[in-house]
Amino acid sequence: MNSPSHDVLIIGGGVVGLSLAWELAQHGAKVCVVDRGEMGREASWAGAGMVPPGPPRSQWEAATPLEQMAGLSSELHRHWSPLLLDQTGIDNEYSACGALRLAETSAEAAVLRQQIDRWKELGIECHELESLQLSEIEPRLAAPAGRFDAAFLLPAETQIRNPRHLRALLAACRLAGVELRPDTAVRELRTEGDRVTAATSDEGLLVAEQFCLTAGCWTGQLAKPLGLDLPVKPIRGQIVLLVGDRMLLSRNVYVGLRYLAPRRDGRVLIGSTMEDVGFVKENPPEAVDNLLSFARQLVPALAELPLETCWSGLRPGTPDGKPYLGRAGRWKNTWVATGHFRAGLQLSPATAVVMRSLILGQDSPIDVSALGVDR
C-alpha cells in the first residue's frame with residue numbers, strides 16, 4: 001500500500017465537503033476533495049440559500065444538538081462571508097434580510113405556532129403580525145386582511161446566494177492548498193482491520209490517513225460496503241427563478257413549506273417541491289406551473305416578471321429529518337457528514353467546525369453523539 005498522500009480524503013464536493021475541507025486546511029491538515037461530477041453542482045447549488053436563525057449560545061443548555069448547530073451556523077455565516085470575500089474577492093451576498101412566516105390554514109397555523117413557541121423558548125426573536133402590519137412591511141403581498149391564520153416576523157433570518165458561496169468556497173480551498181478532484185467517482189473503499197486504507201477511482205488509488213463521506217444522497221451507496229446502513233434518500237426539490245429590475249420583496253416569505261426568496265438584483269426564487277422520485281432531476285411542467293401560481297397569488301406583481309429558468313436538486317433526506325454526523329461505525333479513521341435535507345447550506349459551517357474537531361481529535365463545541373450513524 002502506498003504511504004498516505006493526504007491527511008484527510010473527503011468524498012463529496014458539495015457545500016458540506018468544501019466547508020469541511022476549508023476548515024481542516026486552516027488547521028494545518030493536508031486535504032483532498034473528490035466528487036463524482038462537478039464540484040458543488042448538486043443539492044448545494046440548487047438550494048435557495050435561506051439561513052433561518054438559531055439560538056444564541058446563552059440558550060444552548062436548553063437546545064437540542066441540531067438547534068445548537070443552527071445557532072453556531074448563524075454565527076459562522078456572519079463571520080465566514082466577509083472572510084471569504086476578503087480572501088477570494090467573491091461576494092456570496094450574505095444578507096440579514098429577515099423573514100415572514102405565514103400560515104393560510106388552521107393546520108398550517110398550528111404547526112407554525114409550535115415552531116414559533118420553540119424559537120421563543122430558545123431566545124430567537126420573532127413577532128406576531130396583524131394584517132395591517134403585514135401590508136406595511138411587505139406592501140406587495142396580496143390583500144392580507146383575513147387571508148392568513150398566522151403571521152410572524154423573524155428579523156434575524158439571513159440569506160446567501162448558493163452558487164456564489166460555492167464559488168467562494170472553491171477559491172478559498174484552492175488558496176488554502178486543498179486538492180480538488182472533480183469528475184472522480186469513488187468505486188470502492190479498501191479496508192484493513194478496523195481502518196479504511198484507500199479509495200479506488202477511475203483516476204487511480206487515493207490514499208489518506210482519514211476519510212470523510214459527504215456525498216449527500218449518494219453517501220449510503222458508499223457506506224454500504226462498510227457495513228453501514230445509512231438510509232439517505234434523494235428528495236427532489238424544484239425551484240423557479242423570475243427576473244426583474246427591482247426588488248418587489250424585502251425579505252424571505254414562507255407559506256408552509258413553500259417560499260419566495262428575493263435577491264438584491266430583482267430576481268425572485270420560488271420554491272420548492274418535495275418529491276420522492278429517486279435519482280431523477282427533472283422539471284415537470286405541472287410542478288413549475290404550481291409554483292408560479294403560488295407566487296402570483298401571494299404577490300400579484302410577480303406575474304409581470306418573466307421566467308428566467310427553473311431547475312431541480314436532490315436533497316439528502318433521512319427517516320427522522322436529521323443529519324448523520326460522526327464516526328462511520330467501527331471504522332476508526334472514517335467519518336460521515338450527510339443527510340442535511342433542506343438545511344445543507346444553513347448547517348454547513350457548524351458541520352465543518354464539529355467534524356474538523358472530531359477528525360483532528362479536538363474538543364467539539366457541540367456534542368453530536370445523538371446524531372451518530374448508529375442512532
# chains A, B, ... in the order shown; residues from 1 in each chain; ligands from 1
$ residues_around --residues "Lys30 (chain A)" --least-positions-apart "5" --cutoff "7 Å" --atoms "only C-alpha atoms" --output "list of chain:residue names"
A:His6, A:Asp7, A:Val8, A:Ala25, A:Val178
$ write_last_selection --atoms "N, CA and C atoms" --output "mmCIF file, in the first residue's frame"
data_model
loop_
_atom_site.group_PDB
_atom_site.id
_atom_site.type_symbol
_atom_site.label_atom_id
_atom_site.label_comp_id
_atom_site.auth_asym_id
_atom_site.auth_seq_id
_atom_site.Cartn_x
_atom_site.Cartn_y
_atom_site.Cartn_z
ATOM 1 N N HIS A 6 -2.425 12.232 1.758
ATOM 2 C CA HIS A 6 -3.221 13.287 2.359
ATOM 3 C C HIS A 6 -3.574 12.914 3.798
ATOM 4 N N ASP A 7 -3.787 13.941 4.622
ATOM 5 C CA ASP A 7 -4.272 13.679 5.975
ATOM 6 C C ASP A 7 -5.735 13.248 5.940
ATOM 7 N N VAL A 8 -6.524 13.918 5.086
ATOM 8 C CA VAL A 8 -7.957 13.623 5.021
ATOM 9 C C VAL A 8 -8.399 13.614 3.566
ATOM 10 N N ALA A 25 -8.106 22.612 6.353
ATOM 11 C CA ALA A 25 -6.880 23.200 5.800
ATOM 12 C C ALA A 25 -6.406 24.372 6.644
ATOM 13 N N VAL A 178 -5.969 23.029 -0.644
ATOM 14 C CA VAL A 178 -6.785 21.821 -0.791
ATOM 15 C C VAL A 178 -6.697 21.323 -2.230
#
$ residues_around --residues "region 131-138 of chain A" --least-positions-apart "5" --cutoff "7 Å" --atoms "only C-alpha atoms" --output "MDAnalysis selection string"
chainID A and resid 144:145 249
$ write_last_selection --atoms "all heavy atoms" --output "short mmCIF file (atom, residue, chain, number, x, y, z; two decimals), in the first residue's frame"
data_model
loop_
_atom_site.label_atom_id
_atom_site.label_comp_id
_atom_site.auth_asym_id
_atom_site.auth_seq_id
_atom_site.Cartn_x
_atom_site.Cartn_y
_atom_site.Cartn_z
N PRO A 144 -53.68 41.05 2.48
CA PRO A 144 -53.56 40.01 3.52
C PRO A 144 -54.71 39.97 4.52
O PRO A 144 -54.80 39.02 5.29
CB PRO A 144 -52.24 40.39 4.23
CG PRO A 144 -52.10 41.85 4.00
CD PRO A 144 -52.71 42.13 2.65
N ALA A 145 -55.57 40.97 4.54
CA ALA A 145 -56.65 41.01 5.54
C ALA A 145 -57.49 39.75 5.49
O ALA A 145 -58.11 39.42 4.47
CB ALA A 145 -57.52 42.24 5.30
N LEU A 249 -39.90 42.39 -3.04
CA LEU A 249 -39.99 41.96 -1.64
C LEU A 249 -38.67 42.31 -0.96
O LEU A 249 -37.61 42.31 -1.60
CB LEU A 249 -40.23 40.45 -1.54
CG LEU A 249 -41.55 39.90 -2.09
CD1 LEU A 249 -41.48 38.39 -2.20
CD2 LEU A 249 -42.71 40.32 -1.19
#
$ residues_around --residues "Asp374 (chain A)" --least-positions-apart "3" --cutoff "12 Å" --atoms "only C-alpha atoms" --output "list in words"
Gly227, Leu228, Asp229, Leu230, Pro231, Pro323, Tyr324, Leu325, Gly326, Arg327, Ala328, Gly329, Arg330, Val336, Ser369, Ala370 and Leu371 of chain A
$ residues_around --residues "region 204-212 of chain A" --least-positions-apart "4" --cutoff "7 Å" --atoms "only C-alpha atoms" --output "list in words"
Asn2, Pro4, Ser5, His6, Asp7, Val8, Leu9, Ile10, Ile11, Thr197, Ala198, Ala199, Thr200, Asn333, Thr334, Trp335 and Val336 of chain A
$ write_last_selection --atoms "N, CA, C and O atoms" --output "compact mmCIF listing (two decimals), in the first residue's frame"
# COMPACT_ATOMS: atom_id res chain seq x y z
N ASN A 2 0.52 2.22 -0.83
CA ASN A 2 1.24 3.48 -0.86
C ASN A 2 1.11 4.20 0.48
O ASN A 2 0.13 4.04 1.20
N PRO A 4 0.23 7.32 2.84
CA PRO A 4 -0.82 8.31 2.67
C PRO A 4 -0.29 9.62 2.07
O PRO A 4 0.73 10.15 2.53
N SER A 5 -0.98 10.10 1.05
CA SER A 5 -0.58 11.36 0.43
C SER A 5 -1.36 12.54 0.98
O SER A 5 -1.02 13.69 0.71
N HIS A 6 -2.42 12.23 1.76
CA HIS A 6 -3.22 13.29 2.36
C HIS A 6 -3.57 12.91 3.80
O HIS A 6 -3.68 11.73 4.13
N ASP A 7 -3.79 13.94 4.62
CA ASP A 7 -4.27 13.68 5.98
C ASP A 7 -5.74 13.25 5.94
O ASP A 7 -6.14 12.34 6.67
N VAL A 8 -6.52 13.92 5.09
CA VAL A 8 -7.96 13.62 5.02
C VAL A 8 -8.40 13.61 3.57
O VAL A 8 -8.11 14.55 2.81
N LEU A 9 -9.11 12.56 3.19
CA LEU A 9 -9.78 12.50 1.89
C LEU A 9 -11.27 12.68 2.13
O LEU A 9 -11.89 11.90 2.87
N ILE A 10 -11.85 13.71 1.53
CA ILE A 10 -13.27 13.99 1.64
C ILE A 10 -13.95 13.56 0.36
O ILE A 10 -13.56 14.00 -0.74
N ILE A 11 -14.94 12.70 0.48
CA ILE A 11 -15.63 12.15 -0.70
C ILE A 11 -16.99 12.85 -0.81
O ILE A 11 -17.91 12.56 -0.07
N THR A 197 -8.23 2.13 4.22
CA THR A 197 -6.84 2.41 3.81
C THR A 197 -6.76 3.23 2.53
O THR A 197 -5.78 3.96 2.32
N ALA A 198 -7.78 3.10 1.67
CA ALA A 198 -7.71 3.82 0.39
C ALA A 198 -9.07 3.80 -0.28
O ALA A 198 -9.94 2.99 0.05
N ALA A 199 -9.22 4.70 -1.22
CA ALA A 199 -10.40 4.72 -2.09
C ALA A 199 -9.92 4.48 -3.51
O ALA A 199 -8.93 5.07 -3.95
N THR A 200 -10.62 3.60 -4.22
CA THR A 200 -10.27 3.37 -5.61
C THR A 200 -11.21 4.19 -6.50
O THR A 200 -12.39 4.36 -6.22
N ASN A 333 -10.94 5.46 11.41
CA ASN A 333 -10.41 6.63 10.70
C ASN A 333 -11.37 7.14 9.64
O ASN A 333 -10.95 7.83 8.70
N THR A 334 -12.64 6.81 9.78
CA THR A 334 -13.62 7.19 8.75
C THR A 334 -14.83 7.83 9.41
O THR A 334 -15.30 7.39 10.47
N TRP A 335 -15.35 8.87 8.73
CA TRP A 335 -16.37 9.73 9.31
C TRP A 335 -17.48 9.97 8.30
O TRP A 335 -17.29 9.79 7.10
N VAL A 336 -18.62 10.39 8.80
CA VAL A 336 -19.79 10.65 7.95
C VAL A 336 -20.37 12.02 8.31
O VAL A 336 -20.51 12.35 9.50
$ select_by_dssp --residues "region 149-267 of chain A" --states "helix (DSSP H, G or I)" --output "list in words"
Asn162, Pro163, Arg164, His165, Leu166, Arg167, Ala168, Leu169, Leu170, Ala171, Ala172, Cys173, Arg174, Leu175, Gly216, Cys217, Trp218, Thr219, Gly220, Gln221, Leu222, Ala223, Lys224, Pro225 and Leu226 of chain A
$ closest_atom_pairs --of "region 125-200 of chain A" --to "region 67-73 of chain A" --cutoff "12 Å" --atoms "only C-alpha atoms" --output "Markdown table"
| residue | atom | partner | partner_atom | distance |
| --- | --- | --- | --- | --- |
| A:Ala156 | CA | A:Gly71 | CA | 11.2 |
| A:Glu157 | CA | A:Ala70 | CA | 11.3 |
| A:Thr158 | CA | A:Ser73 | CA | 11.2 |
$ closest_residue --among "A:Tyr259, A:Trp218, A:Trp311, A:Phe294" --to "Ala337 (chain A)" --atoms "only C-alpha atoms"
A:Trp218
$ closest_residue --among "A:Ala168, A:Ala63, A:Leu76, A:Leu269" --to "Arg118 (chain A)" --atoms "only C-alpha atoms"
A:Ala63
$ atom_distance --atom1 "CA of Arg342 (chain A)" --atom2 "CA of Val196 (chain A)"
29.9 Å
$ closest_residue --among "A:Phe341, A:Phe148, A:Trp119, A:Trp331" --to "Leu189 (chain A)" --atoms "only C-alpha atoms"
A:Trp331
$ residues_around --residues "Glu275 (chain A)" --least-positions-apart "3" --cutoff "9 Å" --atoms "only C-alpha atoms" --output "PDB file with all heavy atoms, in the first residue's frame"
ATOM      1  N   PRO A 234     -32.790  10.432  -1.923  1.00  0.00           N
ATOM      2  CA  PRO A 234     -32.974  11.706  -2.611  1.00  0.00           C
ATOM      3  C   PRO A 234     -34.433  12.162  -2.569  1.00  0.00           C
ATOM      4  O   PRO A 234     -35.340  11.386  -2.858  1.00  0.00           O
ATOM      5  CB  PRO A 234     -32.542  11.392  -4.048  1.00  0.00           C
ATOM      6  CG  PRO A 234     -32.804   9.927  -4.217  1.00  0.00           C
ATOM      7  CD  PRO A 234     -32.570   9.307  -2.860  1.00  0.00           C
ATOM      8  N   ILE A 235     -34.640  13.410  -2.192  1.00  0.00           N
ATOM      9  CA  ILE A 235     -35.959  14.040  -2.237  1.00  0.00           C
ATOM     10  C   ILE A 235     -35.846  15.253  -3.166  1.00  0.00           C
ATOM     11  O   ILE A 235     -35.162  16.225  -2.838  1.00  0.00           O
ATOM     12  CB  ILE A 235     -36.439  14.484  -0.849  1.00  0.00           C
ATOM     13  CG1 ILE A 235     -36.479  13.294   0.114  1.00  0.00           C
ATOM     14  CG2 ILE A 235     -37.809  15.144  -0.955  1.00  0.00           C
ATOM     15  CD1 ILE A 235     -37.477  12.215  -0.255  1.00  0.00           C
ATOM     16  N   ARG A 236     -36.498  15.145  -4.315  1.00  0.00           N
ATOM     17  CA  ARG A 236     -36.340  16.200  -5.313  1.00  0.00           C
ATOM     18  C   ARG A 236     -37.043  17.488  -4.895  1.00  0.00           C
ATOM     19  O   ARG A 236     -38.177  17.465  -4.398  1.00  0.00           O
ATOM     20  CB  ARG A 236     -36.892  15.744  -6.663  1.00  0.00           C
ATOM     21  CG  ARG A 236     -36.644  16.753  -7.793  1.00  0.00           C
ATOM     22  CD  ARG A 236     -36.996  16.173  -9.130  1.00  0.00           C
ATOM     23  NE  ARG A 236     -38.446  16.007  -9.314  1.00  0.00           N
ATOM     24  CZ  ARG A 236     -38.981  15.287 -10.307  1.00  0.00           C
ATOM     25  NH1 ARG A 236     -38.196  14.661 -11.155  1.00  0.00           N
ATOM     26  NH2 ARG A 236     -40.289  15.187 -10.414  1.00  0.00           N
ATOM     27  N   GLY A 237     -36.365  18.595  -5.111  1.00  0.00           N
ATOM     28  CA  GLY A 237     -36.955  19.908  -4.919  1.00  0.00           C
ATOM     29  C   GLY A 237     -36.777  20.740  -6.171  1.00  0.00           C
ATOM     30  O   GLY A 237     -35.684  20.787  -6.740  1.00  0.00           O
ATOM     31  N   GLN A 238     -37.857  21.370  -6.627  1.00  0.00           N
ATOM     32  CA  GLN A 238     -37.801  22.211  -7.822  1.00  0.00           C
ATOM     33  C   GLN A 238     -37.890  23.681  -7.440  1.00  0.00           C
ATOM     34  O   GLN A 238     -38.615  24.048  -6.515  1.00  0.00           O
ATOM     35  CB  GLN A 238     -38.932  21.861  -8.779  1.00  0.00           C
ATOM     36  CG  GLN A 238     -38.892  20.420  -9.279  1.00  0.00           C
ATOM     37  CD  GLN A 238     -39.979  20.143 -10.299  1.00  0.00           C
ATOM     38  OE1 GLN A 238     -40.115  20.844 -11.294  1.00  0.00           O
ATOM     39  NE2 GLN A 238     -40.764  19.115 -10.038  1.00  0.00           N
ATOM     40  N   GLY A 278     -36.735   9.233  -6.531  1.00  0.00           N
ATOM     41  CA  GLY A 278     -35.444   8.630  -6.810  1.00  0.00           C
ATOM     42  C   GLY A 278     -34.453   9.646  -7.356  1.00  0.00           C
ATOM     43  O   GLY A 278     -34.580  10.850  -7.159  1.00  0.00           O
TER      44      GLY A 278
END
$ residues_around --residues "Glu308 (chain A)" --least-positions-apart "4" --cutoff "6 Å" --atoms "only C-alpha atoms" --output "mmCIF file with C-alpha atoms, in the first residue's frame"
data_model
loop_
_atom_site.group_PDB
_atom_site.id
_atom_site.type_symbol
_atom_site.label_atom_id
_atom_site.label_comp_id
_atom_site.auth_asym_id
_atom_site.auth_seq_id
_atom_site.Cartn_x
_atom_site.Cartn_y
_atom_site.Cartn_z
ATOM 1 C CA LEU A 241 -36.457 31.811 -10.985
ATOM 2 C CA LEU A 242 -38.088 35.065 -12.094
ATOM 3 C CA VAL A 243 -36.038 38.011 -13.289
#
$ closest_residue --among "A:Ala303, A:Cys217, A:Ala142, A:Val277" --to "His340 (chain A)" --atoms "only C-alpha atoms"
A:Cys217
$ atom_distance --atom1 "CA of Val16 (chain A)" --atom2 "CA of Leu170 (chain A)"
11.8 Å
$ atom_distance --atom1 "CA of Leu314 (chain A)" --atom2 "CA of Gly344 (chain A)"
11.4 Å
$ closest_residue --among "A:Arg41, A:Lys332, A:Arg101, A:Arg258" --to "Arg164 (chain A)" --atoms "only C-alpha atoms"
A:Arg41
$ select_by_dssp --residues "region 238-359 of chain A" --states "strand (DSSP E or B)" --output "number ranges by chain"
A: 238-242, 252-255, 258-262, 268-271, 275, 307-317, 324-327, 334-338
$ write_last_selection --atoms "C-alpha atoms" --output "short mmCIF file (atom, residue, chain, number, x, y, z; two decimals), in the first residue's frame"
data_model
loop_
_atom_site.label_atom_id
_atom_site.label_comp_id
_atom_site.auth_asym_id
_atom_site.auth_seq_id
_atom_site.Cartn_x
_atom_site.Cartn_y
_atom_site.Cartn_z
CA GLN A 238 -37.80 22.21 -7.82
CA ILE A 239 -37.16 25.95 -7.95
CA VAL A 240 -38.39 28.59 -10.40
CA LEU A 241 -36.46 31.81 -10.98
CA LEU A 242 -38.09 35.07 -12.09
CA ASN A 252 -37.85 35.86 2.61
CA VAL A 253 -41.52 34.81 2.69
CA TYR A 254 -42.67 31.31 3.67
CA VAL A 255 -46.13 29.79 3.44
CA ARG A 258 -43.10 26.89 0.03
CA TYR A 259 -41.28 30.19 -0.13
CA LEU A 260 -40.20 33.28 -2.04
CA ALA A 261 -36.57 34.38 -1.75
CA PRO A 262 -35.83 37.84 -3.23
CA VAL A 268 -37.02 36.06 -7.09
CA LEU A 269 -36.66 32.36 -6.34
CA ILE A 270 -39.87 30.37 -5.91
CA GLY A 271 -39.65 27.05 -4.16
CA GLU A 275 -40.87 14.72 -4.41
CA LEU A 307 -39.49 33.29 -16.09
CA GLU A 308 -35.72 33.14 -16.39
CA THR A 309 -35.14 29.45 -15.67
CA CYS A 310 -36.03 26.54 -13.43
CA TRP A 311 -34.08 23.63 -12.00
CA SER A 312 -34.25 20.78 -9.53
CA GLY A 313 -31.96 19.28 -6.93
CA LEU A 314 -31.83 16.08 -4.91
CA ARG A 315 -31.83 16.74 -1.17
CA PRO A 316 -30.39 14.01 1.08
CA GLY A 317 -33.33 13.04 3.29
CA TYR A 324 -25.76 11.83 10.26
CA LEU A 325 -22.63 13.24 11.90
CA GLY A 326 -19.78 11.33 13.45
CA ARG A 327 -17.62 8.23 13.15
CA THR A 334 -13.62 7.19 8.75
CA TRP A 335 -16.37 9.73 9.31
CA VAL A 336 -19.79 10.65 7.95
CA ALA A 337 -21.42 14.07 7.48
CA THR A 338 -24.54 13.77 5.39
#
